[in-house]
Every structure is written in structure tokens, then in C-alpha cells.
file input.txt (compact mmCIF, C-alpha atoms)
# COMPACT_ATOMS: atom_id res chain seq x y z
CA MET A 1 21.93 -52.62 294.97
CA LYS A 2 21.26 -48.93 294.39
CA ILE A 3 23.59 -46.83 292.25
CA ALA A 4 23.19 -43.06 291.94
CA VAL A 5 24.60 -41.02 289.07
CA LEU A 6 25.36 -37.38 289.81
CA SER A 7 27.30 -34.37 288.61
CA GLY A 8 27.54 -30.76 289.66
CA LYS A 9 25.60 -29.37 286.73
CA GLY A 10 23.23 -30.29 283.93
CA GLY A 11 24.53 -31.43 280.57
CA THR A 12 27.48 -33.37 281.95
CA GLY A 13 26.06 -36.76 281.01
CA LYS A 14 24.15 -38.13 284.01
CA THR A 15 21.24 -39.27 281.90
CA LEU A 16 23.54 -40.76 279.22
CA VAL A 17 25.40 -42.73 281.88
CA SER A 18 22.43 -43.88 283.98
CA VAL A 19 20.20 -44.79 281.01
CA ASN A 20 22.99 -46.83 279.41
CA LEU A 21 24.09 -48.53 282.62
CA ALA A 22 20.47 -49.61 283.16
CA SER A 23 20.25 -50.80 279.55
CA VAL A 24 23.25 -53.11 279.83
CA ALA A 25 22.23 -54.48 283.25
CA ASP A 26 19.83 -57.38 283.82
CA THR A 27 16.28 -56.66 284.97
CA CYS A 28 16.53 -53.37 286.84
CA SER A 29 14.84 -50.10 287.76
CA TYR A 30 15.76 -46.70 286.42
CA MET A 31 14.59 -43.79 288.58
CA ASP A 32 14.63 -40.32 287.04
CA CYS A 33 14.94 -38.05 290.07
CA ASP A 34 15.60 -34.92 288.02
CA VAL A 35 12.00 -33.94 288.74
CA GLU A 36 12.29 -30.43 287.33
CA GLU A 37 13.36 -31.68 283.91
CA PRO A 38 13.05 -35.47 283.71
CA ASN A 39 14.28 -36.72 280.33
CA GLY A 40 15.23 -40.38 280.82
CA ASN A 41 11.81 -41.43 279.50
CA PHE A 42 12.58 -39.76 276.15
CA PHE A 43 15.27 -42.42 275.71
CA PHE A 44 13.44 -45.42 277.15
CA LYS A 45 10.02 -44.57 275.65
CA PRO A 46 8.41 -46.82 278.27
CA LYS A 47 5.22 -48.81 277.59
CA GLU A 48 2.32 -49.82 279.89
CA VAL A 49 2.75 -46.60 281.84
CA LYS A 50 1.07 -46.31 285.24
CA GLU A 51 0.64 -42.97 286.93
CA LYS A 52 -0.03 -41.59 290.38
CA LYS A 53 -0.17 -38.13 291.87
CA VAL A 54 2.12 -36.99 294.66
CA SER A 55 0.75 -34.58 297.22
CA VAL A 56 1.88 -32.91 300.42
CA CYS A 57 -0.15 -31.77 303.42
CA ILE A 58 -0.77 -28.07 303.99
CA PRO A 59 -2.38 -26.82 307.22
CA VAL A 60 -5.85 -25.30 307.26
CA PHE A 61 -6.88 -23.06 310.15
CA ASP A 62 -10.32 -22.92 311.71
CA ASN A 63 -10.60 -19.27 312.77
CA THR A 64 -13.61 -19.97 314.98
CA LYS A 65 -11.49 -22.26 317.18
CA CYS A 66 -8.18 -20.30 317.06
CA THR A 67 -7.58 -18.28 320.20
CA GLY A 68 -4.44 -16.55 318.91
CA CYS A 69 -1.96 -18.23 321.25
CA ARG A 70 0.57 -18.20 318.37
CA LYS A 71 2.19 -21.48 319.38
CA CYS A 72 2.10 -22.55 315.73
CA VAL A 73 3.59 -19.28 314.45
CA ASP A 74 6.42 -19.37 316.98
CA PHE A 75 7.11 -23.03 316.26
CA CYS A 76 7.27 -22.84 312.47
CA LYS A 77 11.01 -22.94 311.67
CA PHE A 78 10.34 -22.01 308.06
CA ASN A 79 8.28 -18.91 308.94
CA ALA A 80 5.39 -20.15 306.82
CA LEU A 81 2.86 -18.74 309.32
CA ALA A 82 2.06 -15.20 310.43
CA TYR A 83 -0.56 -13.98 312.88
CA ILE A 84 -2.17 -10.75 311.73
CA LYS A 85 -5.35 -9.13 312.99
CA ASP A 86 -6.77 -12.14 314.83
CA ARG A 87 -6.04 -14.77 312.26
CA VAL A 88 -3.25 -17.02 311.03
CA PHE A 89 -1.91 -16.51 307.50
CA ILE A 90 -0.29 -19.47 305.78
CA PHE A 91 2.33 -19.14 303.04
CA GLU A 92 1.89 -22.47 301.26
CA GLU A 93 5.06 -22.25 299.18
CA VAL A 94 7.15 -21.76 302.33
CA CYS A 95 5.47 -24.64 304.24
CA HIS A 96 7.57 -27.82 304.48
CA SER A 97 4.56 -29.96 305.52
CA CYS A 98 6.13 -30.94 308.83
CA GLY A 99 2.72 -31.06 310.55
CA GLY A 100 4.08 -29.40 313.69
CA CYS A 101 1.33 -26.77 313.79
CA VAL A 102 -1.34 -29.49 313.70
CA LEU A 103 0.25 -31.35 316.60
CA LEU A 104 0.90 -28.28 318.70
CA CYS A 105 -2.43 -26.47 318.48
CA PRO A 106 -4.07 -26.66 321.95
CA GLU A 107 -7.48 -25.73 320.46
CA ASP A 108 -7.52 -28.36 317.71
CA ALA A 109 -7.98 -25.54 315.22
CA VAL A 110 -5.54 -26.85 312.61
CA SER A 111 -6.32 -29.60 310.12
CA GLU A 112 -4.59 -30.55 306.88
CA LYS A 113 -5.50 -30.53 303.21
CA LYS A 114 -3.69 -32.26 300.38
CA LYS A 115 -1.92 -30.29 297.70
CA VAL A 116 -0.80 -32.08 294.53
CA ILE A 117 2.78 -31.12 293.69
CA GLY A 118 3.63 -33.61 290.96
CA THR A 119 3.24 -37.04 289.41
CA LEU A 120 5.02 -40.37 289.30
CA GLU A 121 5.01 -42.57 286.23
CA ALA A 122 6.33 -46.08 285.74
CA GLY A 123 6.53 -48.12 282.55
CA VAL A 124 8.59 -50.83 280.91
CA SER A 125 11.33 -50.57 278.32
CA GLU A 126 12.77 -54.01 277.50
CA GLN A 127 14.16 -55.27 280.83
CA VAL A 128 14.12 -51.83 282.51
CA HIS A 129 11.37 -50.53 284.80
CA VAL A 130 11.41 -46.84 284.00
CA HIS A 131 10.29 -44.47 286.78
CA THR A 132 9.77 -40.78 286.17
CA GLY A 133 9.00 -38.10 288.74
CA THR A 134 7.69 -34.78 287.49
CA MET A 135 7.22 -31.72 289.65
CA LYS A 136 4.44 -29.28 288.78
CA THR A 137 5.67 -25.94 287.47
CA GLY A 138 5.80 -23.35 290.23
CA GLU A 139 6.30 -25.82 293.07
CA VAL A 140 9.39 -25.22 295.16
CA SER A 141 10.66 -28.60 296.33
CA GLY A 142 10.87 -31.93 294.54
CA VAL A 143 11.95 -33.76 297.70
CA PRO A 144 8.52 -35.33 298.46
CA ILE A 145 8.30 -36.65 294.86
CA ILE A 146 11.74 -38.27 295.04
CA LYS A 147 10.97 -39.73 298.44
CA GLU A 148 7.73 -41.26 297.19
CA MET A 149 9.39 -42.63 294.02
CA LEU A 150 12.23 -44.30 295.93
CA GLU A 151 10.23 -45.54 298.91
CA ASN A 152 6.95 -46.54 297.25
CA PRO A 153 7.71 -47.23 293.60
CA LEU A 154 4.81 -48.03 291.27
CA THR A 155 6.37 -51.37 290.26
CA PRO A 156 7.88 -53.95 292.61
CA LYS A 157 11.45 -53.16 293.61
CA ASP A 158 14.17 -54.77 291.50
CA ALA A 159 17.45 -56.06 292.84
CA MET A 160 19.27 -53.38 290.88
CA THR A 161 18.33 -49.69 290.77
CA PHE A 162 19.94 -46.82 288.88
CA ILE A 163 19.13 -43.34 290.11
CA ASP A 164 19.48 -40.43 287.69
CA CYS A 165 19.99 -37.52 290.09
CA PRO A 166 19.06 -33.87 289.66
CA PRO A 167 21.99 -31.54 288.90
CA GLY A 168 23.83 -29.75 291.69
CA SER A 169 24.25 -30.75 295.32
CA ALA A 170 21.12 -29.38 297.04
CA CYS A 171 18.42 -31.14 299.13
CA ILE A 172 16.90 -32.98 296.17
CA VAL A 173 20.29 -34.57 295.37
CA MET A 174 20.76 -35.51 299.03
CA GLU A 175 17.32 -37.13 299.05
CA SER A 176 18.26 -39.05 295.88
CA ILE A 177 21.52 -40.48 297.25
CA LYS A 178 20.78 -41.00 300.92
CA ASP A 179 20.02 -44.74 300.67
CA VAL A 180 22.28 -45.69 297.76
CA ASP A 181 25.16 -48.15 297.90
CA PHE A 182 27.40 -46.38 295.41
CA CYS A 183 27.68 -42.96 293.73
CA VAL A 184 28.92 -42.51 290.18
CA LEU A 185 30.18 -38.97 289.60
CA VAL A 186 30.21 -37.86 285.96
CA ALA A 187 32.80 -35.22 285.05
CA GLU A 188 33.65 -33.09 282.04
CA PRO A 189 37.29 -32.46 281.05
CA THR A 190 37.30 -28.72 281.76
CA VAL A 191 38.21 -26.46 284.68
CA PHE A 192 34.51 -25.69 285.07
CA GLY A 193 33.89 -29.44 285.08
CA VAL A 194 36.34 -29.80 287.95
CA HIS A 195 34.46 -27.16 289.92
CA ASN A 196 31.19 -29.08 289.48
CA LEU A 197 32.87 -32.39 290.26
CA SER A 198 34.30 -30.97 293.48
CA MET A 199 30.79 -29.97 294.66
CA VAL A 200 29.38 -33.47 294.36
CA TYR A 201 32.62 -35.02 295.62
CA GLU A 202 32.24 -32.99 298.85
CA LEU A 203 28.64 -34.20 299.08
CA VAL A 204 29.37 -37.92 298.70
CA LYS A 205 32.22 -37.62 301.23
CA LEU A 206 29.81 -35.97 303.66
CA PHE A 207 27.34 -38.83 303.15
CA LYS A 208 30.20 -41.34 303.41
CA LYS A 209 29.13 -43.02 300.16
CA PRO A 210 31.53 -45.20 298.17
CA HIS A 211 32.10 -43.43 294.88
CA GLY A 212 34.00 -43.29 291.62
CA VAL A 213 34.23 -41.02 288.60
CA ILE A 214 33.31 -41.56 284.96
CA LEU A 215 35.19 -39.10 282.78
CA ASN A 216 32.84 -38.04 279.99
CA LYS A 217 33.61 -36.25 276.69
CA CYS A 218 37.27 -37.34 276.83
CA MET A 219 39.64 -36.01 274.18
CA ASP A 220 43.35 -36.43 273.59
CA ALA A 221 44.08 -33.12 275.29
CA GLU A 222 44.86 -32.61 278.97
CA ASN A 223 41.97 -33.56 281.30
CA PRO A 224 41.69 -31.37 284.41
CA ALA A 225 38.98 -33.66 285.84
CA GLU A 226 41.32 -36.63 285.59
CA ALA A 227 44.07 -34.64 287.32
CA TYR A 228 41.58 -33.79 290.11
CA CYS A 229 40.72 -37.48 290.57
CA LEU A 230 44.39 -38.46 290.75
CA GLU A 231 45.13 -35.67 293.21
CA HIS A 232 42.21 -36.67 295.49
CA ARG A 233 42.67 -40.41 294.92
CA ILE A 234 39.15 -40.82 293.55
CA PRO A 235 38.78 -44.10 291.64
CA ILE A 236 38.31 -43.58 287.90
CA LEU A 237 35.67 -46.05 286.70
CA GLY A 238 36.18 -45.38 283.03
CA ARG A 239 36.16 -42.94 280.16
CA ILE A 240 33.53 -42.08 277.57
CA PRO A 241 35.13 -40.57 274.47
CA PHE A 242 34.05 -37.28 272.90
CA ASP A 243 32.61 -38.90 269.84
CA LYS A 244 30.38 -37.64 267.04
CA GLU A 245 28.56 -40.94 266.58
CA LEU A 246 27.68 -41.15 270.26
CA GLY A 247 26.62 -37.52 270.31
CA ALA A 248 24.39 -37.96 267.25
CA LEU A 249 22.67 -41.07 268.61
CA ASN A 250 22.23 -39.52 272.04
CA SER A 251 20.78 -36.28 270.69
CA ASP A 252 18.33 -38.38 268.66
CA ALA A 253 17.12 -39.80 272.00
CA LYS A 254 18.55 -43.22 271.11
CA ILE A 255 20.06 -45.43 273.78
CA VAL A 256 23.60 -45.80 272.45
CA SER A 257 24.23 -49.18 274.09
CA ARG A 258 21.11 -50.58 272.39
CA GLU A 259 22.17 -49.18 269.02
CA SER A 260 25.79 -50.23 268.79
CA GLU A 261 27.86 -53.18 269.99
CA LYS A 262 30.80 -50.82 270.63
CA TYR A 263 28.87 -48.74 273.18
CA HIS A 264 27.20 -51.81 274.64
CA SER A 265 30.62 -53.14 275.57
CA LEU A 266 31.80 -49.71 276.77
CA PHE A 267 28.90 -49.40 279.25
CA SER A 268 29.10 -53.09 280.21
CA SER A 269 32.72 -52.62 281.20
CA LEU A 270 31.81 -49.42 283.13
CA LEU A 271 29.16 -51.40 285.02
CA GLN A 272 31.69 -54.16 285.74
CA ASN A 273 34.13 -51.59 287.09
CA ILE A 274 31.41 -50.16 289.33
CA MET A 275 30.64 -53.67 290.63
CA LYS A 276 34.31 -54.24 291.36
CA GLU A 277 34.45 -50.98 293.35
CA VAL A 278 31.27 -51.89 295.25
CA ALA A 279 32.71 -55.29 296.12
CA GLN A 280 35.78 -53.70 297.67
CA MET B 1 2.78 6.83 314.73
CA LYS B 2 5.60 4.32 314.63
CA ILE B 3 7.56 3.89 311.43
CA ALA B 4 10.29 1.38 310.58
CA ILE B 5 13.28 1.50 308.23
CA PRO B 6 15.63 -1.43 307.52
CA VAL B 7 19.13 -0.21 308.46
CA ASN B 8 22.68 -1.55 308.35
CA GLU B 9 23.84 -0.76 311.91
CA ASN B 10 22.39 0.06 315.30
CA ASP B 11 23.97 3.47 315.28
CA VAL B 12 22.55 6.95 314.59
CA LYS B 13 24.92 7.33 311.64
CA THR B 14 23.63 4.20 309.96
CA THR B 15 22.27 3.95 306.41
CA VAL B 16 19.25 2.30 304.79
CA CYS B 17 19.74 -1.43 304.17
CA PRO B 18 18.79 -2.61 300.65
CA SER B 19 17.23 -5.80 302.05
CA PHE B 20 13.98 -5.83 304.01
CA GLY B 21 13.68 -9.38 305.34
CA ARG B 22 17.38 -9.88 306.00
CA THR B 23 18.29 -6.42 307.21
CA PRO B 24 20.38 -6.67 310.42
CA TYR B 25 18.34 -3.97 312.24
CA PHE B 26 15.20 -1.92 311.95
CA LEU B 27 15.17 1.71 313.01
CA ILE B 28 11.87 2.33 314.76
CA TYR B 29 10.96 6.01 314.83
CA ASN B 30 8.03 7.43 316.76
CA THR B 31 6.74 10.54 314.99
CA GLU B 32 4.97 11.84 318.11
CA THR B 33 7.76 11.50 320.66
CA ARG B 34 10.53 11.84 318.03
CA GLU B 35 12.34 8.98 319.69
CA SER B 36 14.18 6.36 317.72
CA SER B 37 15.29 2.90 318.75
CA PHE B 38 16.92 -0.05 317.04
CA LEU B 39 15.31 -3.43 316.72
CA ASN B 40 17.52 -6.45 316.16
CA ASN B 41 16.04 -8.33 313.18
CA SER B 42 16.09 -11.94 314.32
CA ALA B 43 14.60 -12.98 310.96
CA ALA B 44 17.92 -12.20 309.22
CA ALA B 45 19.36 -15.52 310.38
CA SER B 46 16.40 -17.70 309.43
CA GLN B 47 16.75 -20.31 306.71
CA GLY B 48 13.63 -19.25 304.89
CA GLY B 49 10.65 -16.99 305.23
CA ALA B 50 12.77 -14.12 306.57
CA GLY B 51 10.48 -11.50 305.05
CA ILE B 52 7.41 -13.05 306.69
CA LEU B 53 9.03 -13.11 310.13
CA ALA B 54 10.50 -9.60 309.79
CA ALA B 55 7.10 -8.25 308.77
CA GLN B 56 5.41 -10.09 311.65
CA THR B 57 7.90 -8.55 314.08
CA LEU B 58 7.13 -5.03 312.83
CA VAL B 59 3.37 -5.66 313.00
CA ASP B 60 3.80 -6.87 316.60
CA GLN B 61 5.64 -3.62 317.35
CA GLN B 62 2.57 -1.71 316.13
CA VAL B 63 4.52 -0.13 313.31
CA GLU B 64 2.14 1.69 310.93
CA SER B 65 4.47 2.64 308.06
CA VAL B 66 7.59 1.07 306.60
CA LEU B 67 10.13 3.00 304.53
CA THR B 68 12.19 0.59 302.44
CA PRO B 69 13.97 0.51 299.07
CA ARG B 70 12.25 -2.77 298.19
CA CYS B 71 10.08 -5.49 299.65
CA GLY B 72 9.35 -9.09 298.72
CA LYS B 73 5.87 -10.40 298.07
CA ASN B 74 5.42 -12.50 301.23
CA ALA B 75 6.55 -9.67 303.50
CA ALA B 76 4.30 -7.23 301.64
CA ASP B 77 1.34 -9.62 302.05
CA VAL B 78 1.84 -9.67 305.83
CA LEU B 79 2.29 -5.89 306.05
CA GLN B 80 -0.70 -5.18 303.82
CA ALA B 81 -2.90 -7.59 305.79
CA ALA B 82 -2.00 -5.57 308.88
CA GLN B 83 -2.68 -2.34 306.96
CA VAL B 84 0.92 -1.19 307.34
CA LYS B 85 1.74 1.35 304.63
CA LEU B 86 4.84 0.87 302.46
CA TYR B 87 6.88 3.80 301.15
CA ARG B 88 9.90 3.77 298.88
CA THR B 89 13.06 5.32 300.34
CA MET B 90 14.63 8.10 298.26
CA ASN B 91 18.30 7.46 299.13
CA ASP B 92 20.54 5.85 301.78
CA SER B 93 20.21 8.62 304.34
CA ILE B 94 18.00 8.01 307.37
CA GLU B 95 17.56 11.73 307.99
CA ASP B 96 16.55 12.57 304.41
CA ASN B 97 13.97 9.82 304.39
CA LEU B 98 12.49 10.73 307.77
CA THR B 99 12.24 14.40 306.74
CA ALA B 100 10.68 13.50 303.39
CA PHE B 101 8.25 11.10 305.04
CA GLN B 102 7.03 13.75 307.45
CA ALA B 103 6.70 16.23 304.58
CA LYS B 104 4.59 13.54 302.83
CA ALA B 105 7.12 13.60 299.99
CA LEU B 106 7.81 9.85 299.82
CA SER B 107 5.95 7.84 297.20
CA PRO B 108 4.25 4.53 298.04
CA LEU B 109 6.30 1.43 297.22
CA ALA B 110 4.51 0.17 294.15
CA GLU B 111 6.66 -2.66 292.80
CA ILE B 112 6.78 -5.69 295.03
CA HIS B 113 9.40 -8.21 293.88
CA PRO B 114 8.72 -11.96 294.00
CA GLY B 115 11.37 -12.46 296.68
CA PHE B 116 14.97 -13.66 296.45
CA HIS B 117 14.55 -16.70 298.71
CA ASN B 118 18.26 -17.02 299.30
CA HIS B 119 19.21 -16.83 295.64
CA GLY B 120 20.19 -13.19 295.44
CA GLY B 121 21.40 -12.68 299.01
CA LYS B 122 24.94 -12.50 300.22
call {"tool": "encode", "arguments": {"input": "input.txt", "output": "C-alpha cells"}}
result
Amino acid sequence: MKIAVLSGKGGTGKTLVSVNLASVADTCSYMDCDVEEPNGNFFFKPKEVKEKKVSVCIPVFDNTKCTGCRKCVDFCKFNALAYIKDRVFIFEEVCHSCGGCVLLCPEDAVSEKKKVIGTLEAGVSEQVHVHTGTMKTGEVSGVPIIKEMLENPLTPKDAMTFIDCPPGSACIVMESIKDVDFCVLVAEPTVFGVHNLSMVYELVKLFKKPHGVILNKCMDAENPAEAYCLEHRIPILGRIPFDKELGALNSDAKIVSRESEKYHSLFSSLLQNIMKEVAQ
Amino acid sequence: MKIAIPVNENDVKTTVCPSFGRTPYFLIYNTETRESSFLNNSAAASQGGAGILAAQTLVDQQVESVLTPRCGKNAADVLQAAQVKLYRTMNDSIEDNLTAFQAKALSPLAEIHPGFHNHGGK
């Protein structure tokens, strides 16, 4: 069972929700796919950490073999190649490592080199296998890191996996949710929160993923995110109150469900509600 | 010598387009024959690397100078590798810029921006 946690923007509570759901579950994996700013490990403080590098392939051109047929330049959909004054120029940050140029070259003039774009780490925190993907500063796409983390994790796969998605609804979020069984959308009780919720709601509909919403930072006042869920008939999985104690523990990088019985039962009941939705 | 200017329409009354890589057309002007033609910029529709493809297209057309309000780094790399000279346009008018270019009154485009890569486009 794979459960992804997403929201339209940062700061909504994805990490709070996914870290605590993992903490109240049995033996499970937590995958931090927010590779630009992973912060789940600050909460879990994993031990026995293993590490591996993630690299992509970038083409290398042998100018002595190249005859300038430009098949590679014409093929490259991302325009990562240009042919100027008898040689091919490669723009590495535009290259998507598809390998098409290598396959197509009739002169066998193109080979590949590896370029490290980030790292994967995996460690243990109580019953949770904590996985962290980190993209190197200046790299443009975290997709290969997320792919590697989800497909070839550093520890054996657990029956239950929680995926802490990157913010937004771009490629890296799509890569994070494409094989999940259920999507948990976290929403803030503001008009801006509704806008962000609607972005990820469109995405999970497009991917035909079963989904439900956790309303975070709930107060007594009117909740536009709740109204949106009712209007679009999105199941509401539960509510997390706007609460000083929770905020203080969370900002101290404490896992609230490990610190207090009250929050342990709150997240346990959220997880039960998710399981009920999945079973439907 | 052939020069190119990114322009908004394929019409003689057109104006300079603020974007290089995603300009809809390039005006190609031949300083010897004084003929101008319009080149459809196929790079404008590409998902990424528009500047690289647009620059490649101009290099393939044997353009020797480009007059543009701005240019991204990747496009500038291609143009500079092909020894195409970059000049900064003075205003939106095609005529003013062509006149100034021929009077050698246009300054070289010094600042190359890092590229918008779909974040600052329309």
C-alpha cells in the first residue's frame, strides 16, 4: 500500500501529515520526495544511515567520428543540442537523458557519461524506514532522484509506504504519485488554500487516483477548503486543529504523535479513515 | 550581410519582440540587397530550449548579426560560438534600429540574462 501526501504549496502541512501517519503505522517506509528541500529527516532523525549517489547520463560527442548529419540535433525534442561550425554543442541542463542521440547516431560518435545530480539516504527511526532524496543545488529536475528512490529503495520495500510529495503539481509531483494507491490532499482553511487544493485535486483526478482531504489548521471560523470539498464531493478524511501546542512541538522538529497521546490518537484515526476510503 | 531581429508580426509595420527565443517571427534583412523577409520561428512552440533552437535556425540562415532587446544565455552561447554579433535594440521600431545599425550606432548587447525557461513567459 502506497499513500502519497500532497498539497498545492509548501507550508500547508504535508510533512506534518506524512511523518505522523508513518509514526502511527506499523513497520513502514517514509519517502521524502521533496528533493529540493527535504525536511522529514529533521523529524525522524534516522540512525544507521546508508547513502548512494543518483546520476543521469549525458551524451558525449566524438568530433573525429561526427560527420555533421544532424540527426541527433533534429531529433532532440528538448533542443539540448546545436550544431555550430562543424561540431555538436550540448546544453547539459536542458538534456533529459533520453539517450535518443546515442541510439540514432549512424557514425557511433555519441557515448554517455554519468553526471551526479543528487543523493539518496535511508535510515531507521523506531519502526519507520526513512528515505530522503536530495537534489544538488543548480540541478533542474528531481524526477530521476524520485524515480530511483521509489523504484530501487536502499532498504527492502515495506508493505506500507508514505510518500511526502514536493509542493505544487509539476512533473516531480506526478512522478511521486504515479504508482500510489491513494492520495491525501492537505488543505488550509483560506481562499488561497482552496486555490492550491484545486491544483492538486485536478492532478489526482487526471491520474484517476482515489483521494481524500485532510483539513489542516482548522479554526472555529468558516472554512473555504471544507466548502470546496463539499461542493466537489471530495471525502474529508479528518481535521487537524490550529493549535499552539501542536505548532510548538512541530516547529521544534518533534513528531507530535510520538510526544502526545492526544495527537497519537488524532493521526491514528486519520490513518483509519484513509484505510476505510482505500477499502471502498 | 544578413541581420535578424525578433519581431511580433510578419508585416512591414511590425515591431521588435521583447523575447528572442519565443518571438513569433524573425525579420531577416540583407544589408547588400536591402531585401527583407520574415522567418517563422518554429522554436516558439517548443517545450524547452527555445533559445537554442531559435539561435540554431538563425545560424543556419547565415545570419551574421542579431539586433534584440535581450537574449538568454543558451541562445547567446550558440550565437557566439557561430561568431554572430549581438546588438541591443534602441526602441520598438524596426526602421530606427536598421538605420542605427547601418550607422554603427547600436551598442553591443552586453548583459545576457540566465534565461526564463518558461517561468517569465506568457
call {"tool": "residues_around", "arguments": {"input": "input.txt", "residues": "region 5-13 of chain A", "least_positions_apart": "6", "cutoff": "7 Å", "atoms": "all atoms listed in the file", "output": "ChimeraX atom specification"}}
result
/A:163-165,167-169,183-188,196-197,199-200,216
call {"tool": "atom_distance", "arguments": {"input": "input.txt", "atom1": "CA of Ile145 (chain A)", "atom2": "CA of Cys76 (chain A)"}}
result
22.4 Å
call {"tool": "residues_around", "arguments": {"input": "input.txt", "residues": "Asp11 (chain B)", "least_positions_apart": "4", "cutoff": "12 Å", "atoms": "only C-alpha atoms", "output": "PyMOL selection string"}}
result
chain B and resi 7+15-16+24-27+36-40+94
call {"tool": "closest_residue", "arguments": {"input": "input.txt", "among": "B:Gly115, B:Gly21, B:Pro69, B:Gly48", "to": "chain A", "atoms": "all atoms listed in the file"}}
result
B:Gly48
call {"tool": "atom_distance", "arguments": {"input": "input.txt", "atom1": "CA of Thr132 (chain A)", "atom2": "CA of Ser18 (chain A)"}}
result
13.2 Å
call {"tool": "closest_atom_pairs", "arguments": {"input": "input.txt", "of": "chain B", "to": "chain A", "cutoff": "12 Å", "atoms": "all atoms listed in the file", "output": "Markdown table"}}
result
| residue | atom | partner | partner_atom | distance |
| --- | --- | --- | --- | --- |
| B:Gly21 | CA | A:Asn79 | CA | 11.5 |
| B:Ser42 | CA | A:Asn79 | CA | 11.8 |
| B:Ala43 | CA | A:Asn79 | CA | 8.9 |
| B:Ala44 | CA | A:Asn79 | CA | 11.7 |
| B:Ala45 | CA | A:Lys77 | CA | 11.2 |
| B:Ser46 | CA | A:Phe78 | CA | 7.6 |
| B:Gln47 | CA | A:Phe78 | CA | 6.8 |
| B:Gly48 | CA | A:Phe78 | CA | 5.3 |
| B:Gly49 | CA | A:Asn79 | CA | 4.8 |
| B:Ala50 | CA | A:Asn79 | CA | 7.0 |
| B:Gly51 | CA | A:Asn79 | CA | 8.7 |
| B:Ile52 | CA | A:Asn79 | CA | 6.3 |
| B:Leu53 | CA | A:Asn79 | CA | 6.0 |
| B:Ala54 | CA | A:Asn79 | CA | 9.6 |
| B:Ala55 | CA | A:Ala82 | CA | 8.7 |
| B:Gln56 | CA | A:Ala82 | CA | 6.2 |
| B:Thr57 | CA | A:Ala82 | CA | 9.6 |
| B:Leu58 | CA | A:Ile84 | CA | 11.0 |
| B:Val59 | CA | A:Ile84 | CA | 7.6 |
| B:Asp60 | CA | A:Ile84 | CA | 8.6 |
| B:Gln61 | CA | A:Ile84 | CA | 12.0 |
| B:Gln62 | CA | A:Ile84 | CA | 11.1 |
| B:Lys73 | CA | A:Phe91 | CA | 10.7 |
| B:Asn74 | CA | A:Phe91 | CA | 7.5 |
| B:Ala75 | CA | A:Ala82 | CA | 9.9 |
| B:Asp77 | CA | A:Phe89 | CA | 9.4 |
| B:Val78 | CA | A:Ala82 | CA | 7.2 |
| B:Leu79 | CA | A:Ile84 | CA | 8.7 |
| B:Gln80 | CA | A:Ile84 | CA | 9.8 |
| B:Ala81 | CA | A:Ile84 | CA | 6.8 |
| B:Ala82 | CA | A:Ile84 | CA | 5.9 |
| B:Gln83 | CA | A:Lys85 | CA | 9.5 |
| B:Val84 | CA | A:Ile84 | CA | 11.0 |
| B:Gly115 | CA | A:Val94 | CA | 11.7 |
| B:His117 | CA | A:Val94 | CA | 9.7 |
call {"tool": "decode", "arguments": {"input": "input.txt", "residues": "region 168-181 of chain A", "atoms": "N, CA, C and O atoms", "output": "PDB file, in the first residue's frame"}}
result
ATOM      1  N   GLY A 168       3.222  21.773  -5.086  1.00  0.00           N
ATOM      2  CA  GLY A 168       2.821  22.087  -6.451  1.00  0.00           C
ATOM      3  C   GLY A 168       2.206  20.897  -7.159  1.00  0.00           C
ATOM      4  O   GLY A 168       1.747  19.937  -6.519  1.00  0.00           O
ATOM      5  N   SER A 169       2.196  20.961  -8.497  1.00  0.00           N
ATOM      6  CA  SER A 169       1.571  19.887  -9.276  1.00  0.00           C
ATOM      7  C   SER A 169       2.366  19.603 -10.546  1.00  0.00           C
ATOM      8  O   SER A 169       1.827  19.163 -11.538  1.00  0.00           O
ATOM      9  N   ALA A 170       3.689  19.869 -10.499  1.00  0.00           N
ATOM     10  CA  ALA A 170       4.526  19.696 -11.691  1.00  0.00           C
ATOM     11  C   ALA A 170       5.028  18.250 -11.810  1.00  0.00           C
ATOM     12  O   ALA A 170       4.634  17.378 -11.048  1.00  0.00           O
ATOM     13  N   CYS A 171       5.921  18.019 -12.789  1.00  0.00           N
ATOM     14  CA  CYS A 171       6.448  16.676 -13.100  1.00  0.00           C
ATOM     15  C   CYS A 171       6.884  15.903 -11.869  1.00  0.00           C
ATOM     16  O   CYS A 171       6.606  14.705 -11.755  1.00  0.00           O
ATOM     17  N   ILE A 172       7.597  16.567 -10.946  1.00  0.00           N
ATOM     18  CA  ILE A 172       8.128  15.829  -9.796  1.00  0.00           C
ATOM     19  C   ILE A 172       7.004  15.304  -8.911  1.00  0.00           C
ATOM     20  O   ILE A 172       7.154  14.270  -8.278  1.00  0.00           O
ATOM     21  N   VAL A 173       5.865  16.021  -8.866  1.00  0.00           N
ATOM     22  CA  VAL A 173       4.717  15.528  -8.091  1.00  0.00           C
ATOM     23  C   VAL A 173       4.084  14.346  -8.827  1.00  0.00           C
ATOM     24  O   VAL A 173       3.729  13.336  -8.227  1.00  0.00           O
ATOM     25  N   MET A 174       3.988  14.468 -10.147  1.00  0.00           N
ATOM     26  CA  MET A 174       3.429  13.378 -10.947  1.00  0.00           C
ATOM     27  C   MET A 174       4.247  12.106 -10.771  1.00  0.00           C
ATOM     28  O   MET A 174       3.704  11.019 -10.618  1.00  0.00           O
ATOM     29  N   GLU A 175       5.589  12.267 -10.788  1.00  0.00           N
ATOM     30  CA  GLU A 175       6.467  11.115 -10.610  1.00  0.00           C
ATOM     31  C   GLU A 175       6.236  10.491  -9.225  1.00  0.00           C
ATOM     32  O   GLU A 175       6.277   9.275  -9.071  1.00  0.00           O
ATOM     33  N   SER A 176       5.973  11.341  -8.225  1.00  0.00           N
ATOM     34  CA  SER A 176       5.795  10.858  -6.858  1.00  0.00           C
ATOM     35  C   SER A 176       4.495  10.090  -6.669  1.00  0.00           C
ATOM     36  O   SER A 176       4.410   9.206  -5.837  1.00  0.00           O
ATOM     37  N   ILE A 177       3.450  10.448  -7.436  1.00  0.00           N
ATOM     38  CA  ILE A 177       2.139   9.824  -7.187  1.00  0.00           C
ATOM     39  C   ILE A 177       1.767   8.752  -8.203  1.00  0.00           C
ATOM     40  O   ILE A 177       0.750   8.095  -8.041  1.00  0.00           O
ATOM     41  N   LYS A 178       2.586   8.566  -9.240  1.00  0.00           N
ATOM     42  CA  LYS A 178       2.084   7.759 -10.358  1.00  0.00           C
ATOM     43  C   LYS A 178       1.777   6.304  -9.994  1.00  0.00           C
ATOM     44  O   LYS A 178       0.882   5.718 -10.593  1.00  0.00           O
ATOM     45  N   ASP A 179       2.484   5.738  -9.002  1.00  0.00           N
ATOM     46  CA  ASP A 179       2.204   4.349  -8.635  1.00  0.00           C
ATOM     47  C   ASP A 179       1.513   4.200  -7.286  1.00  0.00           C
ATOM     48  O   ASP A 179       1.494   3.117  -6.717  1.00  0.00           O
ATOM     49  N   VAL A 180       0.968   5.280  -6.735  1.00  0.00           N
ATOM     50  CA  VAL A 180       0.382   5.165  -5.389  1.00  0.00           C
ATOM     51  C   VAL A 180      -1.054   4.636  -5.457  1.00  0.00           C
ATOM     52  O   VAL A 180      -1.708   4.677  -6.502  1.00  0.00           O
ATOM     53  N   ASP A 181      -1.505   4.135  -4.303  1.00  0.00           N
ATOM     54  CA  ASP A 181      -2.865   3.607  -4.222  1.00  0.00           C
ATOM     55  C   ASP A 181      -3.858   4.663  -3.748  1.00  0.00           C
ATOM     56  O   ASP A 181      -5.054   4.549  -3.995  1.00  0.00           O
TER      57      ASP A 181
END
